[in-house]
Amino acid sequence: MSAFKPQKSIKVHMNKLFSLYLFILLTLPSLNLFAKNNETIQKSQSDRVFALAAGREWLDLLHYHRIGLISSFESQADGSAFFLADNGKEDPLAELVANIDAFNNSDYSDESAICRFPARLYWLQSKGLFKSKSIDNCASFSDWLKKIDAESLTLAFPAAYLNSPSSMYGHTFIRINRKSGSNSLLDYSVNYAANVDPEDNELVFSYKGLSGGYPGVFSVLPYYKKVTEYSFLEARDIWEYELNLTQAEVEQFVRHTWEVQNTHFDYYFFNENCSYHLLTLLDAASDRFQLSEQFSVSAIPADTVREIRNAGLISKAHFRPSTMSLMSHMMEQSSSEIKASAKTLVEDDVDIASLTDALSDTKQAQMLELAYQYSRYLSVRKKKDQKNQAKKAIKILSARSKIDSSQVFSDYPTPKYRDDEGHHSKRVETSFGQENEQNFTQLGFRIAYHDRLDNLPGYLKGAKLEMFHAKVRHTEVKQGSDTTSLEKLTLIDIASYSPRNDFVTPLSWEVSTGLKRPEAQHDELVAYLSAGWGGSYLFGQQQFYGLGFFDLNADDDIDKGHHLSIGPKIGWLSQHENWSLNLELKQNFDISGADYKARSIELGLSRNLAKHWQVRFNGQYLRHADNQYQQDYSKSFTLSLMHYF
C-alpha cells in the first residue's frame with residue numbers, strides 16, 4: 001500500500017472546493033451563503049472565511065478524512081448533532097458559516113453552540129474571531145475540565161488478543177495524565193470502540209464490524225478500568241507511550257474529545273477503527289499533525305503506533321505486564337513444591353498453616369504470592385466461585401503480610417522489543433520451487449499481518465493471523481504449455497497456540513477459509529474451510545502441539561463435488577529472534593465425498609535478513625490415493641524471499 005500524500009490531497013481538495021464555490025457564487029446568487037448571513041460576516045471577511053473552511057485545520061475538526069477502497073470527501077462523523085448546518089457533513093463552508101452565526105448568537109447553556117463545540121471556538125479565536133467569547137462560562141464543560149485536569153497524554157497499546165474478533169490486531173486508547181495526579185490508574189482514558197449488541201454472536205459481530213453495522217463511540221473512563229479490562233480480564237500486556245505534545249495541543253485535544261463524546265462514527269474493523277480515530281483526534285489538536293492521512297485503505301493498531309513514533313511524538317515507553325504474564329513469571333522461579341502447594345491452597349479447602357509451616361519464610365512468601373495471583377485468575381478470568389475466591393484471596397494476603405521477606409520474585413523483565421518495533425503488517429513474497437519435478441515461480445501478497453515463521457520480534461509466540469493472502473504461480477510444464485494461475489487465496493487464517501502449564505490450560509485452536517488447490521487434486525481450485533482444536537505445551541524454547549481438525553473442500557469439479565475429512569495434526573514449533581522452524585505432520589481420514597486418503601509432513605524454516613526482510617524454505621511430502629490421478633505421493637519445495645512494508 002502506497003502512503004497517502006497529505007499535502008497533495010489537501011491541495012486537490014482545496015482546488016475542488018474553490019472551483020465549486022466560485023461557480024456557485026458567480027452563477028447562483030440566490031444560493032450565496034455569504035449573502036444569507038450578511039449580518040454575521042461582512043463582505044470584506046468572505047474571502048478569509050472561505051480560506052478557513054477549505055483549510056486542513058477546519059477539516060480536521062470536522063473529521064473530513066478519506067480511508068477505504070471507496071470513500072467520498074465528507075465528514076466521517078455520522079451523528080447529526082455534530083453539525084450545525086443541515087448539510088455540514090458534506091459542506092465544510094456551510095458548517096463554518098453556521099458555526100460563526102451560532103457562536104455570535106449563543107448563550108452559555110449546556111446545549112449552546114459555544115458549550116458544545118469549545119475546540120471549534122478556540123480555533124476560531126486563534127484566527128482572530130470571537131475574542132469576547134469564553135468557554136469558562138460553560139458550567140458543565142468547566143466542571144469536566146477540572147475533573148480531567150489534563151497535563152499530558154499517554155498512548156496505551158494492549159497486545160493482540162486472538163480470542164476476540166475486535167481485538168485480534170490489538171487496541172489503542174489514550175490516557176490523559178492529570179496535573180495533580182500521582183497515581184496513573186486514577187487518570188482518565190479516551191477510548192473509541194464499537195457499541196455492540198450483546199445479543200449478537202461472533203459471526204454477526206464480525207459481519208457488522210466489517211460492514212459498518214455498529215456505531216463507534218468515544219468514551220472517557222478512569223484508566224484503572226481499562227487496565228483491569230485488558231491486563232487482567234483479557235490477560236493482555238500493555239505498552240504505554242508518553243506523547244511529546246505541547247500544553248496547548250493537550251488542551252485542544254481535550255476540548256475536541258468533549259465535542260465527539262455525543263456523536264458516533266460508523267465502525268469498521270479494518271479502517272475506521274479504534275486506532276484510526278485516535279489519530280483523527282490528534283490531528284484535530286494541532287496543525288503539525290497529519291497522522292490519519294498516512295492511511296488510505298486500512299489502519300492496523302501497530303501501524304498507527306509506528307506512524308506516531310515516526311512523527312517524533314513518542315518521548316518514552318513503559319511496559320505494563322498482564323496478570324497472566326506476572327503469574328507465568330512467578331511460576332518460572334518457583335519449585336514444583338511451591339507450585340503444587342499454591343494450587344492446592346487455592347483449589348482445595350485447606351488451612352494455610354498446614355501448607356506453610358514446613359517452608360522457609362522465602363518459600364512461604366513465594367507460595368502465597370503465587371497462590372494470590374492464581375486465586376484472582378480463577379475468580380475473574382474463569383468466574384469460578386467468585387465470592388469464596390475473593391475471601392480466600394484476602395486470607396492469602398493477610399498471611400503474606402506477616403512474613404518479613406520483602407521481594408521474593410524478580411521484577412518482570414521489560415521485553416527487548418516493543419509491539420510497534422516488529423515487522424510491518426503487509427508482505428510481498430517472491431518464490432521459486434519445484435513440485436513433482438515441475439519448476440515454478442510464485443508471487444504472493446498478504447495484506448495482514450503475521451504467521452508463525454515471520455520475523456518474531458514484536459509479535460506473540462504461537463500466534464498466526466493472516467487476511468487476504470494471495471499466491472499466483474507460473475508453472476513450467478515439460479510437455480505442454482506453461483500455466484499461470486491463482487494457487488491460493490486465503491481470506492482468513494487464524495491460529496492461537498497458547499501453551500498449557502500447571503495452572504492454566506488454554507485451548508489451542510485454528511480456523512482458515514478461502515480458495516486453494518488440494519494436494520491430491522491439484523488441478524482444481526476449490527473453496528475450503530478448516531478448523532482444529534487441541535493443546536500446546538512449551539518446553540524451554542520448544543513448543544509442541546496436537547490438534548484434532550476437520551477439512552472441508554467444495555467444488556463441482558472435484559470428485560463427488562466435495563471432500564470432508566478429519567484427523568490429527570501434531571507439530572513442533574521453535575521460534576527465535578532471528579530464525580524459526582515449524583515441523584508438522586497431518587493425517588486425513590476421509591468422511592464424505594472424494595477419496596484423498598492423504599498423509600503429509602511439512603517443514604518450514606525461516607531466517608531473518610533484516611527487520612523487514614526474510615528468506616524462507618518450505619518443503620512438503622504427501623502420500624495420497626486419488627483414483628483420478630493414480631498417484632500415491634507428491635513432493636514439493638519452495639525457496640522464498642519475503643519483504644514487509
# chains A, B, ... in the order shown; residues from 1 in each chain; ligands from 1
call {"tool": "residues_around", "arguments": {"residues": "Ala159 of chain A", "least_positions_apart": "4", "cutoff": "9 Å", "atoms": "only C-alpha atoms", "output": "CSV table (one decimal) with C-alpha atoms, in the first residue's frame"}}
result
chain,number,residue,atom,x,y,z
A,167,SER,CA,-9.0,-7.2,19.3
A,168,MET,CA,-7.2,-9.6,17.0
A,169,TYR,CA,-4.8,-6.8,15.9
A,170,GLY,CA,-4.5,-5.2,19.3
A,171,HIS,CA,-6.1,-2.0,20.5
A,230,TYR,CA,-7.1,-5.6,29.3
A,236,ARG,CA,-3.0,-8.7,27.7
A,237,ASP,CA,0.2,-6.9,28.2
A,238,ILE,CA,0.1,-3.1,27.7
A,239,TRP,CA,2.7,-0.8,26.3
A,419,ASP,CA,5.0,-4.3,19.7
A,459,TYR,CA,4.7,-10.4,18.0
A,460,LEU,CA,3.1,-13.2,20.1
call {"tool": "residues_around", "arguments": {"residues": "Lys339 of chain A", "least_positions_apart": "6", "cutoff": "8 Å", "atoms": "only C-alpha atoms", "output": "JSON, numbers by chain"}}
result
{"A": [331, 367, 370, 502]}
call {"tool": "write_last_selection", "arguments": {"atoms": "N, CA and C atoms", "output": "PDB file, in the first residue's frame"}}
result
ATOM      1  N   MET A 331       5.870 -18.505  38.203  1.00  0.00           N
ATOM      2  CA  MET A 331       5.973 -19.954  38.074  1.00  0.00           C
ATOM      3  C   MET A 331       7.357 -20.376  37.602  1.00  0.00           C
ATOM      4  N   MET A 367       5.040 -19.001  47.744  1.00  0.00           N
ATOM      5  CA  MET A 367       3.823 -19.797  47.587  1.00  0.00           C
ATOM      6  C   MET A 367       2.572 -18.937  47.726  1.00  0.00           C
ATOM      7  N   LEU A 370       2.156 -16.497  44.676  1.00  0.00           N
ATOM      8  CA  LEU A 370       1.702 -17.245  43.504  1.00  0.00           C
ATOM      9  C   LEU A 370       0.250 -17.677  43.676  1.00  0.00           C
ATOM     10  N   ASP A 502       0.899 -25.815  34.665  1.00  0.00           N
ATOM     11  CA  ASP A 502       0.276 -26.429  35.839  1.00  0.00           C
ATOM     12  C   ASP A 502      -0.968 -25.688  36.307  1.00  0.00           C
TER      13      ASP A 502
END
call {"tool": "atom_distance", "arguments": {"atom1": "atom CA of Glu259 of chain A", "atom2": "atom CA of Pro118 of chain A"}}
result
7.3 Å
call {"tool": "residues_around", "arguments": {"residues": "segment 58-60 of chain A", "least_positions_apart": "4", "cutoff": "12 Å", "atoms": "only C-alpha atoms", "output": "JSON, numbers by chain"}}
result
{"A": [10, 13, 14, 17, 49, 50, 51, 52, 53, 54, 64, 65, 66, 73, 74, 75, 76, 77, 88, 89, 90, 91, 92, 93, 94, 95, 96, 97, 99, 119, 120, 121, 122, 123, 124, 127, 253, 256, 277, 279, 280, 281, 282, 283, 284, 285, 286, 287, 288, 289, 290, 291, 292, 293]}
call {"tool": "residues_around", "arguments": {"residues": "Glu577 of chain A", "least_positions_apart": "5", "cutoff": "8 Å", "atoms": "only C-alpha atoms", "output": "number ranges by chain"}}
result
A: 455-457
call {"tool": "write_last_selection", "arguments": {"atoms": "C-alpha atoms", "output": "PDB file, in the first residue's frame"}}
result
ATOM      1  CA  ASN A 455      10.122 -12.347  11.962  1.00  0.00           C
ATOM      2  CA  LEU A 456       9.214 -12.863  15.639  1.00  0.00           C
ATOM      3  CA  PRO A 457      10.306  -9.661  17.489  1.00  0.00           C
TER       4      PRO A 457
END
call {"tool": "residues_around", "arguments": {"residues": "Tyr276 of chain A", "least_positions_apart": "2", "cutoff": "10 Å", "atoms": "only C-alpha atoms", "output": "PyMOL selection string"}}
result
chain A and resi 67+172+192+270-274+278-281+291-293+295+298-301+303-305
call {"tool": "closest_residue", "arguments": {"among": "A:Asp454, A:Glu347, A:Asp493, A:Asp404", "to": "Tyr377 of chain A", "atoms": "only C-alpha atoms"}}
result
A:Glu347
call {"tool": "closest_residue", "arguments": {"among": "A:Ser405, A:Met324, A:Leu397, A:Lys461", "to": "Val504 of chain A", "atoms": "only C-alpha atoms"}}
result
A:Met324
